[in-house]
file query.cif (mmCIF, C-alpha atoms)
data_entry
loop_
_atom_site.label_atom_id
_atom_site.label_comp_id
_atom_site.auth_asym_id
_atom_site.auth_seq_id
_atom_site.Cartn_x
_atom_site.Cartn_y
_atom_site.Cartn_z
CA MET A 4 150.15 86.52 -124.93
CA LEU A 5 152.44 87.76 -127.72
CA ASP A 6 151.13 90.70 -129.76
CA LEU A 7 152.82 90.41 -133.19
CA GLU A 8 152.77 92.14 -136.56
CA ILE A 9 152.67 90.12 -139.80
CA VAL A 10 154.59 91.42 -142.83
CA PRO A 11 153.78 89.14 -145.80
CA GLU A 12 156.81 87.58 -147.52
CA ARG A 13 159.07 89.04 -144.84
CA SER A 14 158.57 88.67 -141.07
CA LEU A 15 156.64 88.16 -137.87
CA GLY A 16 157.54 90.28 -134.85
CA CYS A 17 157.04 93.36 -132.74
CA GLU A 18 158.88 96.64 -132.09
CA ALA A 19 161.58 94.93 -129.98
CA TRP A 20 162.33 91.95 -132.24
CA GLU A 21 161.22 90.07 -135.35
CA PHE A 22 161.73 86.72 -137.02
CA VAL A 23 162.75 87.54 -140.61
CA LEU A 24 162.65 85.10 -143.52
CA GLY A 25 166.20 84.25 -144.56
CA MET A 26 167.72 84.82 -141.11
CA HIS A 27 170.15 82.21 -139.75
CA PHE A 28 169.06 79.68 -137.13
CA SER A 29 171.46 81.13 -134.55
CA GLN A 30 169.93 84.60 -134.89
CA ALA A 31 166.44 83.24 -134.21
CA VAL A 32 167.78 81.43 -131.13
CA SER A 33 169.41 84.67 -129.96
CA ILE A 34 166.04 86.45 -130.15
CA ILE A 35 164.35 83.70 -128.14
CA GLN A 36 167.11 83.80 -125.52
CA SER A 37 166.63 87.56 -125.18
CA GLN A 38 162.93 86.99 -124.41
CA VAL A 39 163.37 84.67 -121.43
CA GLY A 40 160.17 84.76 -119.39
CA THR A 41 158.13 85.91 -122.40
CA ILE A 42 158.79 83.04 -124.81
CA ARG A 43 158.84 79.76 -122.88
CA GLY A 44 158.85 76.01 -123.48
CA VAL A 45 160.79 76.20 -126.76
CA GLN A 46 161.64 72.97 -128.60
CA VAL A 47 164.25 72.30 -131.30
CA LEU A 48 163.26 69.48 -133.65
CA TYR A 49 165.66 67.78 -136.07
CA SER A 50 166.58 64.39 -137.49
CA ASP A 51 169.59 62.85 -135.83
CA GLN A 52 170.26 60.33 -138.59
CA ASN A 53 169.20 62.44 -141.60
CA PRO A 54 169.99 66.06 -140.68
CA LEU A 55 170.10 67.19 -144.34
CA SER A 56 166.80 65.59 -145.38
CA VAL A 57 164.48 66.81 -142.62
CA ASP A 58 163.71 70.45 -141.85
CA LEU A 59 165.24 72.05 -138.78
CA VAL A 60 162.37 73.40 -136.65
CA ILE A 61 162.01 75.72 -133.65
CA ASN A 62 158.64 74.99 -132.05
CA MET A 63 157.03 77.38 -129.55
CA PRO A 64 153.98 75.41 -128.36
CA GLN A 65 152.93 77.95 -125.73
CA ASP A 66 152.67 80.62 -128.44
CA GLY A 67 151.42 78.41 -131.29
CA ILE A 68 154.34 79.36 -133.56
CA ARG A 69 156.68 77.16 -135.56
CA LEU A 70 159.84 78.39 -137.34
CA ILE A 71 160.94 76.10 -140.18
CA PHE A 72 164.55 76.31 -141.36
CA ASP A 73 166.18 74.85 -144.45
CA PRO A 74 168.37 71.97 -143.18
CA VAL A 75 171.23 72.73 -145.59
CA ALA A 76 171.43 76.54 -145.50
CA GLN A 77 170.09 76.60 -141.89
CA ARG A 78 168.12 79.77 -142.67
CA LEU A 79 164.45 80.54 -142.00
CA LYS A 80 162.10 79.68 -144.88
CA ILE A 81 158.61 79.39 -143.32
CA ILE A 82 156.93 81.01 -140.33
CA GLU A 83 153.84 79.06 -139.28
CA ILE A 84 151.19 80.09 -136.75
CA TYR A 85 149.40 76.81 -136.09
CA ASN A 86 147.35 77.76 -133.01
CA MET A 87 145.61 81.09 -133.60
CA LYS A 88 144.17 81.17 -130.07
CA LEU A 89 147.57 81.63 -128.42
CA VAL A 90 148.74 84.83 -130.14
CA LYS A 91 147.46 88.28 -131.16
CA LEU A 92 148.11 89.15 -134.82
CA ARG A 93 148.09 92.47 -136.63
CA TYR A 94 148.58 93.67 -140.19
CA SER A 95 149.49 97.31 -140.87
CA GLY A 96 148.50 98.10 -137.29
CA MET A 97 145.03 96.53 -137.64
CA CYS A 98 144.31 93.59 -135.32
CA PHE A 99 142.61 90.65 -137.07
CA ASN A 100 143.20 87.89 -134.53
CA SER A 101 142.83 88.10 -130.74
CA PRO A 102 140.65 86.67 -127.95
CA GLU A 103 138.11 89.38 -128.82
CA ILE A 104 138.42 89.21 -132.63
CA THR A 105 137.74 85.95 -134.47
CA PRO A 106 139.81 85.51 -137.68
CA SER A 107 136.86 84.63 -139.93
CA ILE A 108 136.93 84.86 -143.71
CA GLU A 109 135.14 88.23 -143.52
CA GLN A 110 137.69 89.56 -141.02
CA VAL A 111 140.63 88.45 -143.19
CA GLU A 112 139.14 90.01 -146.34
CA HIS A 113 138.39 93.23 -144.44
CA CYS A 114 141.98 93.47 -143.19
CA PHE A 115 143.97 92.18 -146.20
CA GLY A 116 141.65 93.00 -149.10
CA ALA A 117 140.68 90.93 -152.11
CA THR A 118 142.78 88.14 -153.59
CA HIS A 119 142.45 85.23 -156.00
CA PRO A 120 139.94 82.46 -155.25
CA GLY A 121 141.08 80.00 -152.64
CA LEU A 122 142.48 76.51 -153.30
CA TYR A 123 140.75 73.51 -151.80
CA ASP A 124 142.50 70.43 -150.37
CA SER A 125 139.89 67.66 -150.46
CA GLN A 126 142.04 65.24 -148.46
CA ARG A 127 142.45 67.54 -145.47
CA HIS A 128 139.16 69.46 -145.99
CA LEU A 129 141.06 72.76 -145.95
CA PHE A 130 140.69 75.91 -148.00
CA ALA A 131 143.82 78.01 -148.55
CA LEU A 132 143.38 81.73 -149.16
CA ASN A 133 146.63 82.94 -150.68
CA PHE A 134 148.26 86.35 -150.82
CA ARG A 135 151.82 86.83 -151.98
CA GLY A 136 154.04 85.51 -149.19
CA LEU A 137 151.07 84.75 -146.93
CA SER A 138 148.43 81.99 -146.70
CA PHE A 139 145.43 81.40 -144.46
CA TYR A 140 143.96 77.93 -144.03
CA PHE A 141 140.28 77.38 -143.22
CA PRO A 142 138.75 74.03 -142.26
CA VAL A 143 135.55 73.52 -144.28
CA ASP A 144 132.81 71.02 -143.47
CA SER A 145 132.38 68.37 -146.18
CA LYS A 146 128.75 69.35 -146.83
CA PHE A 147 129.92 72.66 -148.31
CA GLU A 148 132.44 71.04 -150.69
CA PRO A 149 130.31 70.98 -153.89
CA GLY A 150 130.23 74.79 -154.05
CA TYR A 151 133.90 75.53 -153.55
CA ALA A 152 134.76 76.06 -157.23
CA HIS A 153 134.22 79.82 -157.11
CA GLY A 154 136.33 80.42 -154.04
CA LEU A 155 135.79 80.37 -150.33
CA GLY A 156 133.85 83.60 -150.29
CA SER A 157 131.25 82.17 -152.67
CA LEU A 158 130.24 79.39 -150.30
CA GLN A 159 127.03 79.86 -148.37
CA PHE A 160 127.30 79.36 -144.60
CA PRO A 161 124.59 79.56 -141.94
CA ASN A 162 124.61 82.49 -139.53
CA GLY A 163 127.65 82.22 -137.30
CA GLY A 164 128.99 79.32 -139.36
CA SER A 165 131.62 81.23 -141.37
CA PRO A 166 134.93 79.32 -141.31
CA VAL A 167 137.72 80.54 -139.05
CA VAL A 168 141.45 80.52 -139.78
CA SER A 169 143.11 77.47 -138.27
CA ARG A 170 146.65 78.07 -139.56
CA THR A 171 148.69 80.90 -141.10
CA THR A 172 151.99 80.66 -142.98
CA ILE A 173 154.44 83.38 -144.00
CA TYR A 174 156.92 82.47 -146.74
CA TYR A 175 158.97 83.88 -149.59
CA GLY A 176 157.50 83.87 -153.10
CA SER A 177 154.24 82.40 -154.35
CA GLN A 178 152.01 79.83 -152.72
CA HIS A 179 152.08 77.38 -155.63
CA GLN A 180 155.79 76.83 -154.87
CA LEU A 181 155.02 75.90 -151.25
CA THR A 182 154.93 72.10 -151.56
CA ARG A 183 156.13 69.31 -149.32
CA SER A 184 158.27 66.46 -150.55
CA ALA A 185 156.86 62.97 -150.83
CA SER A 186 158.78 61.87 -147.73
CA GLY A 187 157.14 64.67 -145.75
CA GLY A 188 160.42 65.56 -144.05
CA ARG A 189 161.41 68.66 -145.98
CA CYS A 190 159.33 71.50 -147.38
CA SER A 191 160.43 72.80 -150.77
CA ALA A 192 159.46 76.43 -150.19
CA PRO A 193 161.89 78.95 -151.77
CA LEU A 194 164.57 80.45 -149.54
CA ALA A 195 164.99 84.21 -149.21
CA ASP A 196 168.42 85.83 -149.32
CA LEU A 197 170.00 86.81 -146.04
CA PRO A 198 168.24 90.09 -145.12
CA LEU A 199 170.43 93.18 -144.74
CA SER A 200 169.13 93.56 -141.18
CA CYS A 201 170.75 90.20 -140.32
CA TYR A 202 174.32 90.95 -141.43
CA LYS A 203 175.15 92.64 -138.10
CA HIS A 204 178.43 94.04 -139.53
CA GLN A 205 179.81 90.49 -139.86
CA LEU A 206 181.44 88.64 -142.75
CA HIS A 207 179.51 85.68 -144.17
CA LEU A 208 180.87 82.77 -146.17
CA ARG A 209 179.88 81.55 -149.63
CA ARG A 210 182.66 78.99 -150.04
CA CYS A 211 185.99 78.01 -148.51
CA ASP A 212 188.63 76.32 -150.68
CA VAL A 213 191.35 74.42 -148.84
CA LEU A 214 194.68 75.13 -150.56
CA ARG A 215 196.96 72.08 -150.67
CA SER A 216 200.15 70.74 -152.13
CA PRO A 217 200.08 66.99 -152.97
CA THR A 218 200.60 66.03 -149.31
CA ALA A 219 200.22 69.15 -147.17
CA THR A 220 197.77 71.95 -146.44
CA LEU A 221 198.93 75.48 -147.30
CA GLY A 222 195.99 77.65 -146.27
CA LEU A 223 192.41 78.70 -147.06
CA ARG A 224 190.82 80.74 -149.83
CA LEU A 225 187.56 82.24 -148.50
CA HIS A 226 184.82 83.66 -150.72
CA ILE A 227 183.02 86.03 -148.37
CA TYR A 228 180.34 88.70 -148.53
CA THR A 229 179.10 91.46 -146.27
CA GLU A 230 176.67 94.38 -146.24
CA GLY A 231 177.37 97.47 -148.30
CA VAL A 232 179.32 100.42 -146.95
CA ARG A 233 176.21 102.63 -146.90
CA SER A 234 172.92 101.69 -145.30
CA GLY A 235 170.63 99.83 -147.70
CA GLU A 236 173.38 98.93 -150.18
CA PRO A 237 173.36 95.33 -151.50
CA ALA A 238 175.90 92.81 -150.23
CA SER A 239 179.42 93.05 -151.59
CA SER A 240 181.56 89.98 -152.33
CA ARG A 241 185.31 89.57 -151.91
CA ARG A 242 187.95 86.87 -151.78
CA ARG A 243 190.58 86.47 -149.05
CA VAL A 244 193.47 84.04 -148.56
CA VAL A 245 194.98 83.10 -145.20
CA ARG A 246 197.92 80.70 -144.87
CA PHE A 247 199.95 78.88 -142.28
CA GLY A 248 202.58 81.25 -140.92
CA ASP A 249 200.48 84.39 -141.38
CA SER A 250 200.68 86.82 -138.47
CA CYS A 251 197.63 87.71 -136.40
CA GLN A 252 197.77 91.21 -137.96
CA ALA A 253 197.66 89.72 -141.48
CA VAL A 254 194.66 87.55 -140.60
CA SER A 255 192.86 90.54 -139.06
CA ARG A 256 193.46 92.53 -142.24
CA ALA A 257 192.06 89.72 -144.37
CA LEU A 258 189.09 88.64 -142.24
CA ALA A 259 188.57 91.65 -139.96
CA ALA A 260 188.58 91.44 -136.18
CA PRO A 261 187.39 88.09 -134.80
CA ALA A 262 184.05 87.72 -133.07
CA ARG A 263 185.91 86.38 -130.03
CA LEU A 264 189.48 85.86 -128.84
CA TYR A 265 189.92 82.62 -126.90
CA TYR A 266 193.06 81.53 -125.02
CA LYS A 267 193.70 77.83 -124.68
CA ALA A 268 193.92 76.89 -121.03
CA ASP A 269 195.55 73.54 -121.74
CA ASP A 270 196.20 71.26 -124.69
CA LYS A 271 194.51 67.98 -123.75
CA MET A 272 195.83 66.27 -126.89
CA ARG A 273 199.45 66.89 -125.83
CA ILE A 274 199.60 63.50 -124.11
CA HIS A 275 199.35 61.78 -127.51
CA ARG A 276 202.51 63.47 -128.84
CA PRO A 277 205.80 61.56 -128.75
CA THR A 278 207.45 64.61 -127.13
CA ALA A 279 204.81 65.11 -124.46
CA ARG A 280 205.85 67.27 -121.53
CA ARG A 281 204.51 67.25 -118.02
CA ARG A 282 204.71 71.00 -117.57
CA PRO A 283 202.47 73.34 -119.60
CA PRO A 284 204.11 75.78 -122.05
CA PRO A 285 205.10 79.21 -120.72
CA ALA A 286 202.37 80.94 -122.74
CA SER A 287 198.95 79.97 -124.08
CA ASP A 288 198.15 79.63 -127.75
CA TYR A 289 195.05 81.58 -128.73
CA PHE A 290 192.16 81.30 -131.19
CA PHE A 291 190.50 83.86 -133.41
CA ASN A 292 186.85 82.69 -133.50
CA TYR A 293 184.91 83.67 -136.66
CA PHE A 294 181.45 82.30 -135.87
CA THR A 295 179.68 83.49 -139.05
CA LEU A 296 182.44 81.92 -141.18
CA GLY A 297 182.38 78.61 -139.28
CA LEU A 298 186.10 79.02 -138.72
CA ASP A 299 188.64 79.08 -135.89
CA VAL A 300 192.25 80.17 -136.43
CA LEU A 301 194.87 79.09 -133.86
CA PHE A 302 198.02 81.18 -133.33
CA ASP A 303 201.26 80.09 -131.73
CA ALA A 304 201.82 81.90 -128.43
CA ARG A 305 205.51 82.53 -129.16
CA THR A 306 205.52 83.45 -132.86
CA HIS A 307 201.96 84.80 -133.14
CA GLN A 308 201.63 82.99 -136.46
CA VAL A 309 198.88 80.70 -137.75
CA LYS A 310 199.46 77.05 -136.95
CA LYS A 311 195.97 75.54 -137.16
CA PHE A 312 192.57 76.02 -138.83
CA VAL A 313 189.33 74.43 -137.59
CA LEU A 314 186.37 74.20 -140.01
CA HIS A 315 182.94 73.58 -138.43
CA THR A 316 179.91 71.98 -140.11
CA ASN A 317 177.36 72.94 -137.39
CA TYR A 318 175.22 69.79 -137.46
CA PRO A 319 172.37 69.50 -134.93
CA GLY A 320 173.19 66.88 -132.34
CA HIS A 321 176.78 68.09 -131.92
CA TYR A 322 178.05 69.68 -128.70
CA ASN A 323 178.95 72.97 -130.48
CA PHE A 324 175.75 73.21 -132.53
CA ASN A 325 174.48 76.79 -132.93
CA MET A 326 177.84 78.35 -132.02
CA TYR A 327 178.95 78.59 -135.66
CA HIS A 328 177.45 78.99 -139.09
CA ARG A 329 178.24 76.07 -141.39
CA CYS A 330 181.62 76.36 -143.13
CA GLU A 331 180.99 75.55 -146.81
CA PHE A 332 184.45 74.12 -147.41
CA GLU A 333 185.81 72.09 -150.32
CA LEU A 334 188.84 69.90 -149.64
CA ASN A 335 190.49 67.96 -152.48
CA VAL A 336 192.83 65.12 -151.52
CA GLN A 337 194.52 62.52 -153.72
CA PRO A 338 193.02 59.08 -152.93
CA ASP A 339 195.30 56.27 -151.78
CA LYS A 340 192.71 53.48 -152.03
CA CYS A 341 191.34 51.86 -155.17
CA GLU A 342 187.75 51.32 -154.00
CA SER A 343 185.06 52.87 -156.20
CA ASN A 344 183.66 56.00 -154.58
CA ALA A 345 181.26 58.78 -155.54
CA LEU A 346 183.56 61.34 -153.89
CA VAL A 347 186.38 60.66 -156.38
CA GLU A 348 186.17 63.17 -159.21
CA SER A 349 187.09 62.60 -162.84
CA ARG A 350 190.53 64.17 -162.30
CA GLY A 351 191.22 61.64 -159.55
CA ALA A 352 190.92 63.82 -156.43
CA VAL A 353 188.67 63.05 -153.48
CA CYS A 354 186.34 66.02 -152.97
CA ILE A 355 185.34 66.36 -149.30
CA THR A 356 182.69 68.92 -148.30
CA ALA A 357 180.60 69.75 -145.24
CA TYR A 358 178.01 67.28 -146.53
CA SER A 359 180.29 64.27 -147.08
CA LYS A 360 179.76 61.18 -144.96
CA TRP A 361 182.74 59.59 -143.25
CA GLU A 362 182.06 56.12 -144.63
CA SER A 363 182.61 57.47 -148.15
CA VAL A 364 185.76 59.38 -147.17
CA SER A 365 187.32 56.43 -145.36
CA ARG A 366 186.82 54.21 -148.42
CA ALA A 367 189.06 56.51 -150.46
CA LEU A 368 191.75 57.43 -147.88
CA ARG A 369 193.97 55.28 -145.69
CA VAL A 370 193.02 56.89 -142.41
CA CYS A 371 193.95 55.73 -138.93
CA GLU A 372 191.64 52.81 -138.12
CA ARG A 373 191.53 53.42 -134.36
CA PRO A 374 190.03 56.83 -133.57
CA VAL A 375 190.58 59.02 -130.54
CA VAL A 376 187.30 59.30 -128.59
CA LEU A 377 186.40 62.90 -127.78
CA ASN A 378 183.82 63.62 -125.06
CA ARG A 379 183.24 67.34 -124.63
CA ALA A 380 181.98 68.84 -121.38
CA SER A 381 182.08 72.32 -119.87
CA SER A 382 183.55 73.18 -116.49
CA THR A 383 180.10 74.00 -115.09
CA ASN A 384 178.16 71.14 -116.70
CA THR A 385 180.00 67.85 -116.98
CA THR A 386 177.17 66.08 -118.83
CA ASN A 387 177.08 65.88 -122.63
CA PRO A 388 173.67 64.70 -123.89
CA PHE A 389 174.95 64.31 -127.45
CA GLY A 390 177.55 61.66 -126.64
CA SER A 391 181.12 61.27 -127.85
CA THR A 392 182.62 61.98 -131.26
CA PHE A 393 185.52 60.19 -132.95
CA CYS A 394 188.69 61.80 -134.30
CA TYR A 395 190.57 60.24 -137.23
CA GLY A 396 193.98 61.46 -138.38
CA TYR A 397 195.16 61.66 -142.00
CA GLN A 398 198.32 63.49 -143.10
CA ASP A 399 197.98 66.98 -141.55
CA MET A 400 194.23 66.73 -140.96
CA ILE A 401 191.99 65.54 -138.12
CA PHE A 402 188.41 64.59 -138.95
CA GLU A 403 185.91 64.77 -136.08
CA VAL A 404 183.06 62.37 -136.90
CA MET A 405 179.64 62.12 -135.27
CA SER A 406 177.79 58.87 -134.55
CA ASN A 407 175.57 59.44 -137.63
CA ASN A 408 178.69 59.35 -139.88
CA TYR A 409 178.66 63.08 -140.70
CA ILE A 410 181.80 65.17 -140.23
CA ALA A 411 181.47 67.61 -137.31
CA SER A 412 184.73 69.47 -137.95
CA ILE A 413 188.04 69.27 -139.78
CA THR A 414 191.23 70.48 -138.12
CA LEU A 415 194.07 71.45 -140.48
CA TYR A 416 197.42 71.84 -138.76
CA GLN A 417 201.04 72.53 -139.60
CA PRO A 418 203.28 69.66 -138.43
CA GLU A 419 205.91 70.48 -135.82
CA GLY A 420 208.81 69.95 -138.23
CA ALA A 421 207.34 72.38 -140.77
CA ARG A 422 207.22 75.34 -138.37
CA PRO A 423 210.10 77.75 -137.80
CA HIS A 424 211.64 77.50 -134.34
CA TYR A 425 212.22 80.52 -132.15
CA ALA A 426 213.62 80.92 -128.70
CA VAL A 427 210.96 81.61 -126.10
CA ASN A 428 212.26 85.14 -125.44
CA SER A 429 213.03 86.02 -129.07
CA ILE A 430 209.71 87.81 -129.59
CA ALA A 431 208.59 90.51 -127.24
#
call {"tool": "encode", "arguments": {"input": "query.cif", "output": "structure tokens"}}
result
Amino acid sequence: MLDLEIVPERSLGCEAWEFVLGMHFSQAVSIIQSQVGTIRGVQVLYSDQNPLSVDLVINMPQDGIRLIFDPVAQRLKIIEIYNMKLVKLRYSGMCFNSPEITPSIEQVEHCFGATHPGLYDSQRHLFALNFRGLSFYFPVDSKFEPGYAHGLGSLQFPNGGSPVVSRTTIYYGSQHQLTRSASGGRCSAPLADLPLSCYKHQLHLRRCDVLRSPTATLGLRLHIYTEGVRSGEPASSRRRVVRFGDSCQAVSRALAAPARLYYKADDKMRIHRPTARRRPPPASDYFFNYFTLGLDVLFDARTHQVKKFVLHTNYPGHYNFNMYHRCEFELNVQPDKCESNALVESRGAVCITAYSKWESVSRALRVCERPVVLNRASSTNTTNPFGSTFCYGYQDMIFEVMSNNYIASITLYQPEGARPHYAVNSIA
């Protein structure tokens, strides 16, 4: 049984780890993976067809804990303990819930002190006792309802009949803001900023502007932020530009060292080129992977210059989900269709973001009608439970589209004719 400490409006955890409000989904998954054998039977719940309208949830049924993430920001907004019998809970070192200690109203008031009178939900027969960033829910028998006006503590219960906490929630802000939408799919609780403890010396992205000429991509302008130089300092913001043709040293100066360096073993799309060769190139191109930026940068093996950018949207249900943070890109392209479209701005450009649906994009652009079917699989596991995606080409861009019509990634590349040519042995 997990023995955890509650910090109202902040976290749930122990000395080794903690789930912190505002942390990214991938960081919560990393904690769970580090506790293999302790935390078991974990479920990830999401909407396949409406991934932006329904909360992203990590459910731990064997521990009675549910982590609720905002589906757009993909950061933790509510920690819910829905089965109090499966976990030990403490506050400031004092245990108030365990197999030996029943979390009654008296026990909660003894541990947490006084607060405002509780709020009663007549439909669910629940009383909510609210502290800032923390709520306890008590089921109350209907026969006690007439006396609830003065708070839960004012109700008279028979000996041994005091209500017991059935559910606990930790959230950011005040309880009156913790409401669920009419559809029931997404909770409108406020979202905390990314905690300083979750920066992990990495850059994080606010926005990525794709720089373009009328018909070609030039590079990226990234609005990034990171933790302060000294411990405890607030986040600092900066702006960086990377372009096609930049050296790997220039990209490292702009975006710092990558989280991972990945060498391409083989280019499986080479067969679709008109100049396809049977033999592989003498050297392998390589990627700089920036997972917290949702970005991959591909360098030419011979020139060591940028020749491709890959922007990831990190939707659940995609093969690469949870590898990257969502890249908040904005791509403006001149439309070449006359159909009315909400993506077309007043100045005439088509604005494509990580939240655009392919059906809207394809109505404004003359894209290739027949897509290339992409079915990812690893070398150790040849099955892909998420199915294939579809790649559509347009100018110097490749859109990878999921079956739910959302864009999984956008690849921006420099055409062969636009790159400088070097002899294979011209660069040491």
call {"tool": "closest_residue", "arguments": {"input": "query.cif", "among": "A:Glu12, A:Met97, A:Tyr266, A:Tyr318", "to": "Tyr49 in chain A", "atoms": "all atoms listed in the file"}}
result
A:Tyr318
call {"tool": "residues_around", "arguments": {"input": "query.cif", "residues": "range 57-65 of chain A", "least_positions_apart": "2", "cutoff": "10 Å", "atoms": "all atoms listed in the file", "output": "PyMOL selection string"}}
result
chain A and resi 4+28+31-32+35+42-55+67-75+77-86+89-90+186-191+319
call {"tool": "closest_residue", "arguments": {"input": "query.cif", "among": "A:Arg243, A:Thr41, A:Val370, A:Tyr358", "to": "Ser56 in chain A", "atoms": "only C-alpha atoms"}}
result
A:Tyr358
call {"tool": "closest_residue", "arguments": {"input": "query.cif", "among": "A:Met405, A:Leu132, A:Leu194, A:Leu334", "to": "Pro166 in chain A", "atoms": "all atoms listed in the file"}}
result
A:Leu132
call {"tool": "atom_distance", "arguments": {"input": "query.cif", "atom1": "CA of Lys203 in chain A", "atom2": "CA of Asp303 in chain A"}}
result
29.7 Å
call {"tool": "residues_near_point", "arguments": {"input": "query.cif", "point": "(144.4, 87.4, -154.2)", "cutoff": "9 Å", "atoms": "only C-alpha atoms", "output": "short mmCIF file (atom, residue, chain, number, x, y, z; two decimals) with C-alpha atoms, keeping the file's coordinate frame"}}
result
data_model
loop_
_atom_site.label_atom_id
_atom_site.label_comp_id
_atom_site.auth_asym_id
_atom_site.auth_seq_id
_atom_site.Cartn_x
_atom_site.Cartn_y
_atom_site.Cartn_z
CA GLY A 116 141.65 93.00 -149.10
CA ALA A 117 140.68 90.93 -152.11
CA THR A 118 142.78 88.14 -153.59
CA HIS A 119 142.45 85.23 -156.00
CA PRO A 120 139.94 82.46 -155.25
CA GLY A 121 141.08 80.00 -152.64
CA LEU A 132 143.38 81.73 -149.16
CA ASN A 133 146.63 82.94 -150.68
CA PHE A 134 148.26 86.35 -150.82
CA ARG A 135 151.82 86.83 -151.98
#
call {"tool": "closest_residue", "arguments": {"input": "query.cif", "among": "A:Ser165, A:Ile34, A:Pro217, A:Ala259", "to": "Trp20 in chain A", "atoms": "all atoms listed in the file"}}
result
A:Ile34
call {"tool": "atom_distance", "arguments": {"input": "query.cif", "atom1": "CA of Leu214 in chain A", "atom2": "CA of Arg256 in chain A"}}
result
19.3 Å
call {"tool": "resolve_selection", "arguments": {"input": "query.cif", "expression": "the PyMOL selection byres ((chain A and resi 211) around 6)", "output": "PDB file with C-alpha atoms, keeping the file's coordinate frame"}}
result
ATOM      1  CA  ARG A 210     182.660  78.990-150.040  1.00  0.00           C
ATOM      2  CA  ASP A 212     188.630  76.320-150.680  1.00  0.00           C
ATOM      3  CA  ARG A 224     190.820  80.740-149.830  1.00  0.00           C
ATOM      4  CA  LEU A 225     187.560  82.240-148.500  1.00  0.00           C
ATOM      5  CA  GLU A 331     180.990  75.550-146.810  1.00  0.00           C
ATOM      6  CA  PHE A 332     184.450  74.120-147.410  1.00  0.00           C
TER       7      PHE A 332
END
call {"tool": "closest_residue", "arguments": {"input": "query.cif", "among": "A:Arg373, A:His207, A:Lys267, A:Lys88", "to": "Ser239 in chain A", "atoms": "all atoms listed in the file"}}
result
A:His207
call {"tool": "residues_near_point", "arguments": {"input": "query.cif", "point": "(189.7, 63.0, -154.9)", "cutoff": "6 Å", "atoms": "all atoms listed in the file", "output": "MDAnalysis selection string"}}
result
chainID A and resid 335:338 347:348 351:354
call {"tool": "resolve_selection", "arguments": {"input": "query.cif", "expression": "the PyMOL selection byres ((chain A and resi 404) around 8)", "output": "ChimeraX atom specification"}}
result
/A:361,392-395,402-403,405-406,408-412
call {"tool": "write_last_selection", "arguments": {"input": "query.cif", "atoms": "C-alpha atoms", "output": "tab-separated table (two decimals), keeping the file's coordinate frame"}}
result
chain	number	residue	atom	x	y	z
A	361	TRP	CA	182.74	59.59	-143.25
A	392	THR	CA	182.62	61.98	-131.26
A	393	PHE	CA	185.52	60.19	-132.95
A	394	CYS	CA	188.69	61.80	-134.30
A	395	TYR	CA	190.57	60.24	-137.23
A	402	PHE	CA	188.41	64.59	-138.95
A	403	GLU	CA	185.91	64.77	-136.08
A	405	MET	CA	179.64	62.12	-135.27
A	406	SER	CA	177.79	58.87	-134.55
A	408	ASN	CA	178.69	59.35	-139.88
A	409	TYR	CA	178.66	63.08	-140.70
A	410	ILE	CA	181.80	65.17	-140.23
A	411	ALA	CA	181.47	67.61	-137.31
A	412	SER	CA	184.73	69.47	-137.95
call {"tool": "atom_distance", "arguments": {"input": "query.cif", "atom1": "CA of Leu208 in chain A", "atom2": "CA of Ile227 in chain A"}}
result
4.5 Å
call {"tool": "closest_residue", "arguments": {"input": "query.cif", "among": "A:Thr414, A:Ser365, A:Gln126, A:Thr218", "to": "Val300 in chain A", "atoms": "only C-alpha atoms"}}
result
A:Thr414
call {"tool": "residues_around", "arguments": {"input": "query.cif", "residues": "Pro198 in chain A", "least_positions_apart": "2", "cutoff": "10 Å", "atoms": "only C-alpha atoms", "output": "number ranges by chain"}}
result
A: 13, 23-27, 195-196, 200-202, 230, 237-238
call {"tool": "resolve_selection", "arguments": {"input": "query.cif", "expression": "the PyMOL selection byres ((chain A and resi 263) around 7)", "output": "ChimeraX atom specification"}}
result
/A:261-262,264-265,291-292
call {"tool": "residues_around", "arguments": {"input": "query.cif", "residues": "Ile9 in chain A", "least_positions_apart": "2", "cutoff": "7 Å", "atoms": "only C-alpha atoms", "output": "list of chain:residue names"}}
result
A:Leu7, A:Pro11, A:Ser14, A:Leu15, A:Gly16, A:Leu92, A:Arg93, A:Tyr94
call {"tool": "write_last_selection", "arguments": {"input": "query.cif", "atoms": "C-alpha atoms", "output": "PDB file, keeping the file's coordinate frame"}}
result
ATOM      1  CA  LEU A   7     152.820  90.410-133.190  1.00  0.00           C
ATOM      2  CA  PRO A  11     153.780  89.140-145.800  1.00  0.00           C
ATOM      3  CA  SER A  14     158.570  88.670-141.070  1.00  0.00           C
ATOM      4  CA  LEU A  15     156.640  88.160-137.870  1.00  0.00           C
ATOM      5  CA  GLY A  16     157.540  90.280-134.850  1.00  0.00           C
ATOM      6  CA  LEU A  92     148.110  89.150-134.820  1.00  0.00           C
ATOM      7  CA  ARG A  93     148.090  92.470-136.630  1.00  0.00           C
ATOM      8  CA  TYR A  94     148.580  93.670-140.190  1.00  0.00           C
TER       9      TYR A  94
END
